[in-house]
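Structure file protein_24.cif (mmCIF, C-alpha atoms and all ligand atoms) follows.
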data_target
loop_
_atom_site.label_atom_id
_atom_site.label_comp_id
_atom_site.auth_asym_id
_atom_site.auth_seq_id
_atom_site.Cartn_x
_atom_site.Cartn_y
_atom_site.Cartn_z
CA MET A 1 -51.98 51.29 4.02
CA THR A 2 -50.07 53.39 1.48
CA PRO A 3 -50.54 52.21 -2.10
CA THR A 4 -47.57 50.69 -3.99
CA ARG A 5 -46.05 53.11 -6.50
CA ARG A 6 -46.00 51.83 -10.05
CA LEU A 7 -43.11 52.76 -12.32
CA GLN A 8 -43.16 51.93 -16.01
CA PRO A 9 -39.64 50.95 -17.22
CA PRO A 10 -37.43 52.36 -18.56
CA VAL A 11 -37.29 54.94 -15.76
CA PRO A 12 -34.51 57.58 -15.78
CA PRO A 13 -32.46 57.73 -12.52
CA ASP A 14 -33.92 61.12 -11.50
CA ASP A 15 -37.46 59.76 -11.85
CA LEU A 16 -36.56 56.62 -9.89
CA LEU A 17 -35.48 58.98 -7.09
CA GLU A 18 -38.48 61.27 -7.68
CA LEU A 19 -36.03 64.16 -7.62
CA ASP A 20 -38.64 66.74 -8.58
CA SER A 21 -40.57 66.06 -5.37
CA LEU A 22 -37.54 67.42 -3.44
CA LEU A 23 -37.39 70.73 -5.33
CA ASP A 24 -39.70 73.71 -5.18
CA GLU A 25 -41.12 75.40 -8.24
CA GLU A 26 -38.40 78.08 -8.44
CA GLU A 27 -35.63 75.50 -8.10
CA ARG A 28 -37.12 73.40 -10.89
CA ALA A 29 -37.44 76.48 -13.09
CA ILE A 30 -33.80 77.49 -12.51
CA ARG A 31 -32.63 73.94 -13.17
CA ASP A 32 -34.63 73.75 -16.40
CA THR A 33 -33.33 77.13 -17.57
CA VAL A 34 -29.69 76.20 -16.96
CA ARG A 35 -30.21 72.82 -18.62
CA GLN A 36 -31.52 74.67 -21.68
CA VAL A 37 -28.56 77.09 -21.69
CA VAL A 38 -26.18 74.10 -21.58
CA ALA A 39 -28.10 72.28 -24.34
CA GLU A 40 -27.97 75.34 -26.58
CA HIS A 41 -24.60 76.94 -25.85
CA VAL A 42 -22.37 74.17 -24.48
CA ARG A 43 -23.28 70.68 -25.68
CA PRO A 44 -22.97 71.34 -29.44
CA HIS A 45 -19.45 72.77 -29.02
CA VAL A 46 -17.85 71.28 -25.95
CA ALA A 47 -16.09 68.30 -27.53
CA GLY A 48 -14.47 70.68 -30.03
CA TRP A 49 -13.37 73.08 -27.30
CA TYR A 50 -12.00 70.17 -25.33
CA GLU A 51 -10.08 68.80 -28.28
CA ALA A 52 -8.68 72.25 -29.11
CA GLY A 53 -7.81 72.80 -25.44
CA ASP A 54 -9.50 76.18 -25.46
CA LEU A 55 -12.70 77.90 -24.44
CA PRO A 56 -14.31 81.09 -25.77
CA VAL A 57 -14.44 82.44 -22.22
CA ARG A 58 -15.58 86.00 -22.99
CA GLU A 59 -18.41 84.96 -25.28
CA LEU A 60 -19.54 82.24 -22.87
CA ALA A 61 -19.28 84.54 -19.86
CA ARG A 62 -21.67 87.00 -21.54
CA THR A 63 -24.10 84.19 -22.30
CA LEU A 64 -23.91 82.86 -18.74
CA GLY A 65 -24.12 86.41 -17.37
CA SER A 66 -27.23 87.23 -19.37
CA ALA A 67 -28.80 84.04 -17.98
CA GLY A 68 -28.09 85.42 -14.49
CA LEU A 69 -25.65 82.64 -13.54
CA LEU A 70 -22.56 84.66 -12.55
CA GLY A 71 -22.57 85.37 -8.82
CA MET A 72 -26.20 84.21 -8.81
CA HIS A 73 -26.18 83.40 -5.07
CA LEU A 74 -24.91 86.88 -4.11
CA GLU A 75 -27.21 89.75 -3.08
CA GLY A 76 -27.29 93.13 -4.84
CA TYR A 77 -24.83 94.69 -7.32
CA GLY A 78 -26.62 93.10 -10.29
CA CYS A 79 -26.55 89.58 -8.79
CA ALA A 80 -29.66 87.41 -8.69
CA GLY A 81 -29.56 86.58 -4.95
CA THR A 82 -30.84 83.00 -5.27
CA SER A 83 -30.69 80.35 -2.56
CA ALA A 84 -27.57 78.21 -2.15
CA THR A 85 -29.56 75.16 -3.27
CA ALA A 86 -30.62 76.88 -6.50
CA TYR A 87 -26.99 77.84 -7.13
CA GLY A 88 -26.00 74.22 -6.52
CA LEU A 89 -28.60 72.96 -8.99
CA ALA A 90 -27.23 75.39 -11.58
CA CYS A 91 -23.71 74.04 -10.97
CA LEU A 92 -25.07 70.50 -11.43
CA GLU A 93 -26.52 71.35 -14.83
CA LEU A 94 -23.40 73.24 -15.93
CA GLU A 95 -21.09 70.37 -14.99
CA ALA A 96 -23.38 67.91 -16.78
CA GLY A 97 -22.14 69.89 -19.79
CA ASP A 98 -18.49 70.04 -18.75
CA SER A 99 -16.52 70.65 -15.54
CA GLY A 100 -14.71 73.47 -17.36
CA ILE A 101 -17.94 75.44 -17.77
CA ARG A 102 -18.87 74.94 -14.13
CA SER A 103 -15.31 76.00 -13.22
CA LEU A 104 -15.78 79.25 -15.15
CA VAL A 105 -18.94 79.99 -13.15
CA SER A 106 -17.40 78.85 -9.84
CA VAL A 107 -14.26 80.94 -10.21
CA GLN A 108 -16.15 84.02 -11.39
CA GLY A 109 -19.02 83.82 -8.87
CA SER A 110 -17.77 81.92 -5.84
CA LEU A 111 -14.10 82.87 -5.80
CA ALA A 112 -13.51 86.27 -7.42
CA MET A 113 -16.96 87.86 -6.98
CA TYR A 114 -17.55 86.28 -3.57
CA ALA A 115 -14.19 87.61 -2.30
CA ILE A 116 -15.13 91.14 -3.39
CA HIS A 117 -18.70 90.80 -2.10
CA ALA A 118 -17.72 89.37 1.29
CA TYR A 119 -14.51 91.29 2.02
CA GLY A 120 -14.37 94.25 -0.39
CA SER A 121 -15.02 97.94 0.19
CA GLU A 122 -18.17 99.57 -1.19
CA GLU A 123 -15.99 101.00 -4.01
CA HIS A 124 -14.66 97.52 -4.92
CA LYS A 125 -18.20 96.17 -5.03
CA THR A 126 -19.72 98.94 -7.13
CA GLN A 127 -16.76 99.03 -9.50
CA TRP A 128 -16.46 95.30 -10.18
CA LEU A 129 -19.52 93.24 -9.24
CA PRO A 130 -22.10 94.58 -11.75
CA GLN A 131 -19.76 94.09 -14.73
CA MET A 132 -18.67 90.68 -13.45
CA ALA A 133 -22.32 89.62 -13.05
CA THR A 134 -23.02 90.35 -16.71
CA GLY A 135 -19.81 88.68 -17.83
CA GLU A 136 -18.39 91.94 -19.22
CA ALA A 137 -15.48 91.65 -16.79
CA ILE A 138 -13.71 88.37 -16.02
CA GLY A 139 -12.21 87.66 -12.61
CA CYS A 140 -9.64 85.18 -11.36
CA PHE A 141 -8.51 84.05 -7.92
CA GLY A 142 -4.80 83.69 -7.19
CA LEU A 143 -3.98 81.59 -4.15
CA THR A 144 -1.95 78.55 -5.30
CA GLU A 145 1.78 78.95 -5.88
CA PRO A 146 4.35 76.65 -7.51
CA ASP A 147 5.61 75.49 -4.09
CA PHE A 148 2.43 75.89 -2.03
CA GLY A 149 -0.80 74.15 -3.06
CA SER A 150 -2.42 72.23 -0.21
CA ASN A 151 -0.53 74.40 2.27
CA PRO A 152 -1.24 78.00 1.22
CA ALA A 153 -0.03 79.26 4.60
CA GLY A 154 3.52 78.98 3.24
CA MET A 155 2.87 81.35 0.32
CA ARG A 156 5.86 83.40 -0.86
CA THR A 157 3.95 86.16 -2.65
CA ARG A 158 4.53 89.29 -0.61
CA ALA A 159 2.78 92.63 -0.34
CA ARG A 160 4.89 95.37 1.22
CA ARG A 161 3.99 98.90 2.12
CA ASP A 162 5.70 101.72 0.25
CA ALA A 163 4.41 104.98 1.72
CA ALA A 164 0.63 104.73 1.16
CA ASP A 165 0.95 102.16 -1.64
CA TRP A 166 1.18 98.37 -1.64
CA VAL A 167 3.82 96.66 -3.80
CA LEU A 168 3.22 93.00 -4.71
CA ASP A 169 5.80 90.43 -5.84
CA GLY A 170 5.35 86.72 -6.43
CA THR A 171 4.08 83.92 -8.66
CA LYS A 172 0.72 82.18 -8.65
CA THR A 173 0.01 79.06 -10.67
CA TRP A 174 -2.92 76.92 -11.85
CA ILE A 175 -5.09 80.03 -11.91
CA THR A 176 -8.33 79.52 -13.82
CA ASN A 177 -8.96 82.34 -16.34
CA GLY A 178 -5.80 84.13 -15.17
CA SER A 179 -4.54 85.04 -18.64
CA LEU A 180 -7.78 86.65 -19.75
CA ALA A 181 -9.01 88.14 -16.50
CA ASP A 182 -9.71 91.86 -16.14
CA VAL A 183 -9.32 91.67 -12.38
CA ALA A 184 -7.38 89.28 -10.16
CA VAL A 185 -8.05 88.68 -6.48
CA VAL A 186 -4.51 87.97 -5.28
CA TRP A 187 -3.61 86.64 -1.84
CA ALA A 188 -0.24 87.71 -0.41
CA GLY A 189 1.69 87.64 2.85
CA THR A 190 2.18 90.95 4.68
CA ASP A 191 3.76 91.87 8.01
CA GLU A 192 0.27 91.49 9.52
CA GLY A 193 -0.47 88.10 7.89
CA VAL A 194 -2.26 87.08 4.68
CA ARG A 195 -4.25 89.79 2.93
CA GLY A 196 -6.27 89.91 -0.29
CA PHE A 197 -5.81 92.50 -3.06
CA VAL A 198 -8.01 93.56 -5.94
CA VAL A 199 -5.59 93.82 -8.86
CA PRO A 200 -6.70 95.21 -12.23
CA THR A 201 -4.73 93.06 -14.65
CA ASP A 202 -3.57 96.06 -16.69
CA THR A 203 -1.51 97.25 -13.70
CA PRO A 204 2.18 97.52 -14.73
CA GLY A 205 4.17 94.50 -13.52
CA PHE A 206 1.24 92.06 -13.75
CA GLY A 207 1.81 89.26 -16.25
CA ALA A 208 -0.08 86.06 -17.06
CA SER A 209 0.55 83.12 -19.38
CA THR A 210 -1.63 80.16 -20.28
CA ILE A 211 -0.64 76.66 -19.14
CA HIS A 212 -0.82 74.23 -22.08
CA HIS A 213 -0.63 70.43 -22.52
CA LYS A 214 -3.29 69.63 -19.92
CA MET A 215 -5.04 66.25 -20.20
CA SER A 216 -7.89 67.33 -17.95
CA LEU A 217 -10.18 70.37 -17.85
CA ARG A 218 -9.16 71.20 -21.39
CA ALA A 219 -12.28 73.31 -21.95
CA SER A 220 -10.98 75.77 -19.37
CA VAL A 221 -8.20 78.35 -19.41
CA THR A 222 -5.56 77.75 -16.73
CA SER A 223 -2.71 80.21 -16.19
CA GLU A 224 0.37 81.30 -14.31
CA LEU A 225 0.45 84.81 -12.85
CA VAL A 226 3.69 86.71 -12.32
CA LEU A 227 3.65 89.86 -10.19
CA GLN A 228 6.77 92.01 -10.34
CA ASP A 229 6.71 95.28 -8.41
CA VAL A 230 2.97 95.58 -8.91
CA ARG A 231 2.18 98.93 -7.30
CA LEU A 232 -1.35 99.34 -5.99
CA PRO A 233 -3.07 102.11 -4.05
CA ALA A 234 -3.76 101.49 -0.35
CA ASP A 235 -7.43 100.90 -1.07
CA ALA A 236 -6.66 97.88 -3.28
CA GLU A 237 -6.58 95.76 -0.11
CA LEU A 238 -9.77 93.82 0.72
CA PRO A 239 -10.60 95.43 4.08
CA GLY A 240 -12.70 92.53 5.38
CA ALA A 241 -10.16 89.72 4.87
CA LYS A 242 -7.68 89.15 7.68
CA GLY A 243 -5.54 86.03 7.52
CA LEU A 244 -6.07 82.73 5.68
CA SER A 245 -9.73 82.57 6.70
CA GLY A 246 -10.30 85.07 3.86
CA PRO A 247 -9.34 82.78 0.95
CA LEU A 248 -10.59 79.69 2.78
CA GLY A 249 -14.04 81.27 3.10
CA CYS A 250 -14.14 81.75 -0.69
CA LEU A 251 -12.96 78.18 -1.27
CA ASP A 252 -15.81 76.84 0.87
CA GLU A 253 -18.27 78.68 -1.39
CA ALA A 254 -16.74 77.19 -4.53
CA ARG A 255 -16.47 73.70 -3.00
CA PHE A 256 -20.16 73.80 -2.25
CA GLY A 257 -20.82 74.27 -5.97
CA ILE A 258 -18.59 71.27 -6.71
CA VAL A 259 -20.65 69.09 -4.33
CA PHE A 260 -23.54 69.56 -6.78
CA GLY A 261 -21.47 69.92 -9.94
CA ALA A 262 -19.82 66.51 -9.66
CA VAL A 263 -23.30 64.94 -9.51
CA GLY A 264 -24.06 66.58 -12.86
CA ALA A 265 -21.01 65.01 -14.50
CA ALA A 266 -22.04 61.65 -13.00
CA ARG A 267 -25.59 62.01 -14.34
CA ASP A 268 -24.37 62.76 -17.84
CA CYS A 269 -22.18 59.65 -17.78
CA LEU A 270 -24.95 57.47 -16.37
CA LEU A 271 -27.55 58.60 -18.92
CA THR A 272 -25.05 58.08 -21.73
CA ALA A 273 -24.29 54.54 -20.53
CA ILE A 274 -27.97 53.59 -20.12
CA ASP A 275 -28.71 54.85 -23.61
CA TYR A 276 -25.69 53.16 -25.14
CA ALA A 277 -26.34 49.84 -23.39
CA GLY A 278 -29.88 49.81 -24.76
CA SER A 279 -28.76 50.00 -28.38
CA ARG A 280 -25.38 48.26 -28.46
CA VAL A 281 -25.89 44.62 -29.43
CA GLN A 282 -23.39 41.86 -28.63
CA PHE A 283 -24.11 38.13 -28.58
CA ASP A 284 -27.41 38.96 -30.32
CA ARG A 285 -28.89 41.10 -27.58
CA PRO A 286 -28.49 44.61 -26.19
CA ILE A 287 -25.69 44.72 -23.62
CA ALA A 288 -28.27 46.31 -21.27
CA GLY A 289 -29.76 42.82 -20.96
CA PHE A 290 -26.61 41.32 -19.44
CA GLN A 291 -26.62 40.97 -15.67
CA LEU A 292 -23.11 42.38 -15.31
CA THR A 293 -24.13 45.55 -17.16
CA GLN A 294 -27.25 45.88 -15.04
CA ALA A 295 -25.22 45.43 -11.85
CA LYS A 296 -22.96 48.30 -12.94
CA LEU A 297 -25.94 50.50 -13.79
CA ALA A 298 -27.71 49.68 -10.54
CA ASP A 299 -24.63 50.33 -8.38
CA MET A 300 -23.94 53.60 -10.18
CA THR A 301 -27.54 54.74 -9.77
CA VAL A 302 -27.37 53.98 -6.04
CA GLU A 303 -24.18 56.06 -5.67
CA TYR A 304 -25.56 58.80 -7.91
CA GLY A 305 -28.72 58.96 -5.80
CA LYS A 306 -26.77 59.08 -2.53
CA ALA A 307 -24.55 61.87 -3.88
CA LEU A 308 -27.56 63.86 -5.10
CA LEU A 309 -29.36 63.50 -1.76
CA LEU A 310 -26.22 64.52 0.12
CA ALA A 311 -25.85 67.60 -2.09
CA LEU A 312 -29.48 68.59 -1.54
CA HIS A 313 -29.18 68.00 2.22
CA LEU A 314 -26.10 70.23 2.40
CA GLY A 315 -27.86 72.83 0.23
CA ARG A 316 -30.83 72.93 2.61
CA LEU A 317 -28.52 73.22 5.64
CA LYS A 318 -26.57 76.02 3.96
CA ASP A 319 -29.79 77.88 3.22
CA GLN A 320 -30.98 77.44 6.82
CA HIS A 321 -27.89 78.36 8.79
CA GLY A 322 -24.69 77.94 6.76
CA LEU A 323 -22.26 75.03 6.65
CA ALA A 324 -19.13 74.17 8.63
CA PRO A 325 -16.04 73.51 6.48
CA ALA A 326 -16.07 69.82 7.50
CA GLN A 327 -19.62 69.49 6.17
CA VAL A 328 -18.57 70.91 2.81
CA SER A 329 -15.58 68.51 2.86
CA LEU A 330 -17.96 65.59 3.44
CA GLY A 331 -19.86 66.51 0.29
CA LYS A 332 -16.86 67.24 -1.88
CA LEU A 333 -14.94 64.12 -0.83
CA ASN A 334 -17.86 61.78 -1.46
CA ASN A 335 -19.40 63.32 -4.53
CA VAL A 336 -16.25 63.86 -6.58
CA ARG A 337 -14.91 60.42 -5.65
CA GLU A 338 -18.17 58.71 -6.63
CA ALA A 339 -18.61 60.79 -9.79
CA LEU A 340 -15.11 59.77 -10.90
CA GLU A 341 -15.90 56.12 -10.23
CA ILE A 342 -19.14 56.44 -12.19
CA ALA A 343 -17.34 58.11 -15.11
CA ARG A 344 -14.76 55.31 -15.22
CA THR A 345 -17.38 52.56 -14.98
CA THR A 346 -19.57 54.07 -17.69
CA ARG A 347 -16.48 54.17 -19.87
CA THR A 348 -16.25 50.37 -19.59
CA ILE A 349 -19.89 50.02 -20.69
CA LEU A 350 -19.13 52.04 -23.81
CA GLY A 351 -16.15 49.81 -24.64
CA ALA A 352 -13.83 51.30 -27.25
CA ASN A 353 -16.35 54.00 -28.13
CA GLY A 354 -15.97 55.20 -24.55
CA ILE A 355 -12.48 56.52 -25.22
CA THR A 356 -13.61 58.80 -28.04
CA MET A 357 -14.84 62.38 -28.07
CA ASP A 358 -18.10 61.16 -29.61
CA TYR A 359 -19.30 60.40 -26.09
CA PRO A 360 -18.76 62.52 -22.97
CA VAL A 361 -17.71 59.84 -20.49
CA MET A 362 -13.92 59.94 -20.84
CA ARG A 363 -13.99 63.75 -21.02
CA HIS A 364 -15.89 63.80 -17.72
CA ALA A 365 -13.54 61.21 -16.19
CA ASN A 366 -10.49 63.24 -17.18
CA ASN A 367 -12.09 66.47 -15.92
CA LEU A 368 -12.97 64.92 -12.59
CA GLU A 369 -9.27 64.18 -11.98
CA SER A 370 -8.79 67.96 -11.72
CA VAL A 371 -11.95 68.40 -9.68
CA LEU A 372 -10.63 65.77 -7.25
CA THR A 373 -7.49 67.90 -6.78
CA TYR A 374 -8.57 71.53 -6.91
CA GLU A 375 -10.48 73.34 -4.19
CA GLY A 376 -8.70 71.05 -1.72
CA THR A 377 -7.52 67.56 -2.64
CA SER A 378 -9.51 64.53 -1.52
CA GLU A 379 -6.76 63.87 1.05
CA MET A 380 -7.18 67.38 2.53
CA HIS A 381 -10.94 66.86 2.80
CA ALA A 382 -10.41 63.47 4.49
CA LEU A 383 -8.13 65.21 7.00
CA THR A 384 -10.68 67.97 7.60
CA ILE A 385 -13.35 65.36 8.32
CA GLY A 386 -10.88 63.40 10.46
CA HIS A 387 -10.15 66.53 12.47
CA ALA A 388 -13.86 67.18 13.01
CA LEU A 389 -14.44 63.60 14.16
CA THR A 390 -11.45 63.22 16.46
CA GLY A 391 -10.30 66.70 17.42
CA GLN A 392 -6.83 65.60 16.28
CA GLN A 393 -5.17 67.70 13.58
CA ALA A 394 -3.27 65.42 11.18
CA PHE A 395 -2.19 67.92 8.53
CA ARG A 396 1.39 68.19 9.73
C1 LIG B 401 -7.31 72.77 -13.58
C2 LIG B 401 -6.97 73.43 -12.29
C3 LIG B 401 -7.47 74.70 -11.99
C4 LIG B 401 -7.11 75.35 -10.80
N1 LIG B 401 -7.58 76.62 -10.54
C5 LIG B 401 -7.11 77.31 -9.46
C6 LIG B 401 -7.46 78.68 -9.26
O1 LIG B 401 -8.26 79.26 -10.01
N2 LIG B 401 -6.90 79.37 -8.22
C7 LIG B 401 -6.02 78.75 -7.36
O2 LIG B 401 -5.54 79.42 -6.45
N3 LIG B 401 -5.67 77.45 -7.53
C8 LIG B 401 -6.18 76.71 -8.55
N4 LIG B 401 -5.82 75.38 -8.74
C9 LIG B 401 -4.82 74.79 -7.85
C10 LIG B 401 -5.38 73.74 -6.89
O3 LIG B 401 -6.19 74.35 -5.92
C11 LIG B 401 -4.19 72.97 -6.30
O4 LIG B 401 -3.70 72.15 -7.35
C12 LIG B 401 -4.56 72.12 -5.09
O5 LIG B 401 -4.78 72.93 -3.97
C13 LIG B 401 -3.45 71.10 -4.74
O6 LIG B 401 -2.21 71.69 -4.70
P1 LIG B 401 -0.98 71.04 -5.48
O7 LIG B 401 -1.42 70.75 -6.87
O8 LIG B 401 0.19 71.94 -5.29
O9 LIG B 401 -0.72 69.65 -4.78
P2 LIG B 401 0.15 69.39 -3.45
O10 LIG B 401 -0.31 70.30 -2.36
O11 LIG B 401 1.59 69.39 -3.81
O12 LIG B 401 -0.30 67.90 -3.09
C14 LIG B 401 0.20 66.76 -3.80
C15 LIG B 401 -0.34 65.52 -3.10
O13 LIG B 401 0.13 65.48 -1.72
C16 LIG B 401 -0.99 65.34 -0.85
N5 LIG B 401 -0.74 66.00 0.41
C17 LIG B 401 -0.26 67.27 0.61
N6 LIG B 401 -0.19 67.54 1.92
C18 LIG B 401 -0.62 66.43 2.57
C19 LIG B 401 -0.81 66.08 3.95
N7 LIG B 401 -0.56 66.93 4.95
N8 LIG B 401 -1.28 64.84 4.23
C20 LIG B 401 -1.58 63.97 3.24
N9 LIG B 401 -1.43 64.24 1.93
C21 LIG B 401 -0.97 65.44 1.61
C22 LIG B 401 -2.15 66.01 -1.62
O14 LIG B 401 -3.41 65.61 -1.12
C23 LIG B 401 -1.88 65.52 -3.03
O15 LIG B 401 -2.36 64.21 -3.17
C24 LIG B 401 -6.24 74.69 -9.88
C25 LIG B 401 -5.76 73.41 -10.18
C26 LIG B 401 -6.13 72.77 -11.35
C27 LIG B 401 -5.60 71.40 -11.63
#
Using the file provided, produce a representation of the structure as structure tokens.
Amino acid sequence: MTPTRRLQPPVPPDDLLELDSLLDEEERAIRDTVRQVVAEHVRPHVAGWYEAGDLPVRELARTLGSAGLLGMHLEGYGCAGTSATAYGLACLELEAGDSGIRSLVSVQGSLAMYAIHAYGSEEHKTQWLPQMATGEAIGCFGLTEPDFGSNPAGMRTRARRDAADWVLDGTKTWITNGSLADVAVVWAGTDEGVRGFVVPTDTPGFGASTIHHKMSLRASVTSELVLQDVRLPADAELPGAKGLSGPLGCLDEARFGIVFGAVGAARDCLLTAIDYAGSRVQFDRPIAGFQLTQAKLADMTVEYGKALLLALHLGRLKDQHGLAPAQVSLGKLNNVREALEIARTTRTILGANGITMDYPVMRHANNLESVLTYEGTSEMHALTIGHALTGQQAFR
């Protein structure tokens, strides 16, 4: 007979799940390091950044780069070459700080750097990846357009040949870090289909402006890119990317990070609510002692645990043999949806204090609205899963 485990309350959710037993030594070390980076460089400032609607991207990128977090799952060119699971755990810790910080790392490492690493020429890789890994150079990823979000196949940005050169024209919008990037990976239609281009942002004709008045992901820079007669040499094209599978491959990388990241935001909300409920007294007792509060905490911990286990399962599969897009969709659909629900429910436990910047719950809830939409909306992921289950394509 196996002995009964004894747990001494109060037990944090991760200990209830015995999370550490699912991670190896290196994974625990990476998680602890990133948690420390977030505690030191993000938590003391993030509410202020959020309120100001700005982020010191360059300074933060250097900090994150020196911790080895930019492109950490890529091999060579100054990148750490960690497992996918370790990268996921880093995303979890970063998003426990703020979705905007995880977005910075996702866009740099999984969208811009991954595109160059997977599809670029040797010259692209040696020129850009080492300086992007240290955070000296900032990258952005331009796929979405004003009239084409969920359906990038309709993109209007064009790249035409002019003798040996390429000339790009078009507009991209909602581009994270676009207005301070040194290099933009821009996707454009050509006579042979969609192609990717490595565009130094000081190329004449390239313009970028910051999008203001956001109510979500405020600790993140979001921009519009305008390309007018942007002339590039022939070798600016990413030679390994043919068609939409190029950008979609990058998006799958970034979505994988979100599968873990959303769990981090949920954990931060849950821990805040448990702590708050233990000290907030109403009707002469801590609100943690009320059954309705405990039911909320228990339900949230169940969903948090399921999301965490799903993320780890997908991480292990990715490390073994890679993931199909529908598997990534499964993780993103569930984990962002549940994290958002957890953020909203924890807000109710904090009452009026929950709407302030003194606590992170409403900031996380607002951020998760963006996370639900970018890297494929929840509806798109439902349709991807539906397609996998039925063989019927319901997108159009
Ligand atoms: C903060 C932020 C940062 C971003 N960063 C980047 C970035 O760095 N690079 C980049 O390229 N993009 C970026 N995006 C853009 C993001 O990827 C798009 O917003 C997303 O793909 C959705 O596109 P859309 O907003 O145009 O919505 P739409 O495509 O217009 O969709 C609107 C609604 O219609 C639904 N819908 C659409 N088609 C269907 C269908 N066939 N069936 C059912 N429902 C449907 C959608 O699910 C959604 O609910 C960012 C967005 C945000 C908010």
Per-residue nearest contacts chain A to ligand LIG 401 (chain B), cut-off 9 Å, using all atoms listed in the file, as a tab-separated table:
residue	atom	partner	partner_atom	distance
A:Gly100	CA	B:LIG401	C1	8.3
A:Ser103	CA	B:LIG401	C3	8.0
A:Val107	CA	B:LIG401	O1	6.2
A:Leu111	CA	B:LIG401	O1	8.1
A:Cys140	CA	B:LIG401	O1	6.2
A:Phe141	CA	B:LIG401	N2	5.0
A:Gly142	CA	B:LIG401	O2	4.4
A:Leu143	CA	B:LIG401	O2	3.5
A:Thr144	CA	B:LIG401	O2	3.9
A:Glu145	CA	B:LIG401	O8	7.2
A:Pro146	CA	B:LIG401	O8	6.7
A:Asp147	CA	B:LIG401	O8	6.6
A:Phe148	CA	B:LIG401	O8	5.6
A:Gly149	CA	B:LIG401	O6	3.3
A:Ser150	CA	B:LIG401	O10	3.6
A:Asn151	CA	B:LIG401	O10	6.2
A:Pro152	CA	B:LIG401	O5	8.1
A:Lys172	CA	B:LIG401	O2	7.2
A:Thr173	CA	B:LIG401	N3	6.7
A:Trp174	CA	B:LIG401	C24	4.5
A:Ile175	CA	B:LIG401	O1	3.8
A:Thr176	CA	B:LIG401	O1	3.8
A:Asn177	CA	B:LIG401	O1	7.1
A:Gly178	CA	B:LIG401	O1	7.5
A:Val186	CA	B:LIG401	O2	8.7
A:Trp187	CA	B:LIG401	O2	8.8
A:Lys214	CA	B:LIG401	C1	8.1
A:Ser216	CA	B:LIG401	C1	7.0
A:Leu217	CA	B:LIG401	C1	5.7
A:Arg218	CA	B:LIG401	C1	8.2
A:Ser220	CA	B:LIG401	C1	7.5
A:Val221	CA	B:LIG401	C1	8.1
A:Thr222	CA	B:LIG401	C3	6.0
A:Ser223	CA	B:LIG401	N1	8.3
A:Pro247	CA	B:LIG401	O2	9.0
A:Asn367	CA	B:LIG401	C1	8.2
A:Glu369	CA	B:LIG401	C27	8.1
A:Ser370	CA	B:LIG401	C27	4.7
A:Val371	CA	B:LIG401	C27	7.3
A:Leu372	CA	B:LIG401	C27	8.7
A:Thr373	CA	B:LIG401	C12	5.4
A:Tyr374	CA	B:LIG401	O3	3.8
A:Glu375	CA	B:LIG401	O3	4.7
A:Gly376	CA	B:LIG401	O5	4.9
A:Thr377	CA	B:LIG401	O14	4.8
A:Ser378	CA	B:LIG401	O14	6.2
A:Glu379	CA	B:LIG401	O14	4.4
A:Met380	CA	B:LIG401	O14	5.5
A:His381	CA	B:LIG401	O14	8.6
A:Ala382	CA	B:LIG401	C20	8.9
A:Leu383	CA	B:LIG401	N8	7.4
A:Ala394	CA	B:LIG401	N7	7.0
A:Phe395	CA	B:LIG401	N7	4.1
A:Arg396	CA	B:LIG401	N7	5.3
If I take CA of Pro130 (chain A) and CA of Val198 (chain A), how far is one from the other in Å, to one decimal? 15.3 Å
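Nearest residue to His313 (chain A) among A:Gly71, A:Gly88, A:Pro3, A:Gly278 is A:Gly88, counting all atoms listed in the file.
Close contacts of Asp299 (chain A), defined as residues with an atom at most 12 Å away when counting only C-alpha atoms, with chain neighbours fewer than 3 positions off set aside, comprise A:Pro13, A:Leu270, A:Leu292, A:Thr293, A:Gln294, A:Ala295, A:Lys296, A:Val302, A:Glu303, A:Tyr304, A:Gly305, A:Lys306, A:Glu338, A:Glu341, A:Ile342, A:Thr345, A:Thr346.
Here CA of Arg285 (chain A) and CA of Pro12 (chain A) stand 21.0 Å from one another.
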If I take CA of Val38 (chain A) and CA of Gly264 (chain A), how far is one from the other in Å, to one decimal? 11.7 Å
Exercise: Gly246 (chain A) partners within 10 Å, all atoms listed in the file, chain neighbours under 3 positions left out, as a VMD selection string: chain A and resid 115 118 to 119 187 194 to 196 238 240 to 243 249 to 251
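Taking only C-alpha atoms into account, Val34 (chain A) lies nearest to A:Cys91 out of the set A:Ile211, A:Leu17, A:Cys91, A:Leu368.
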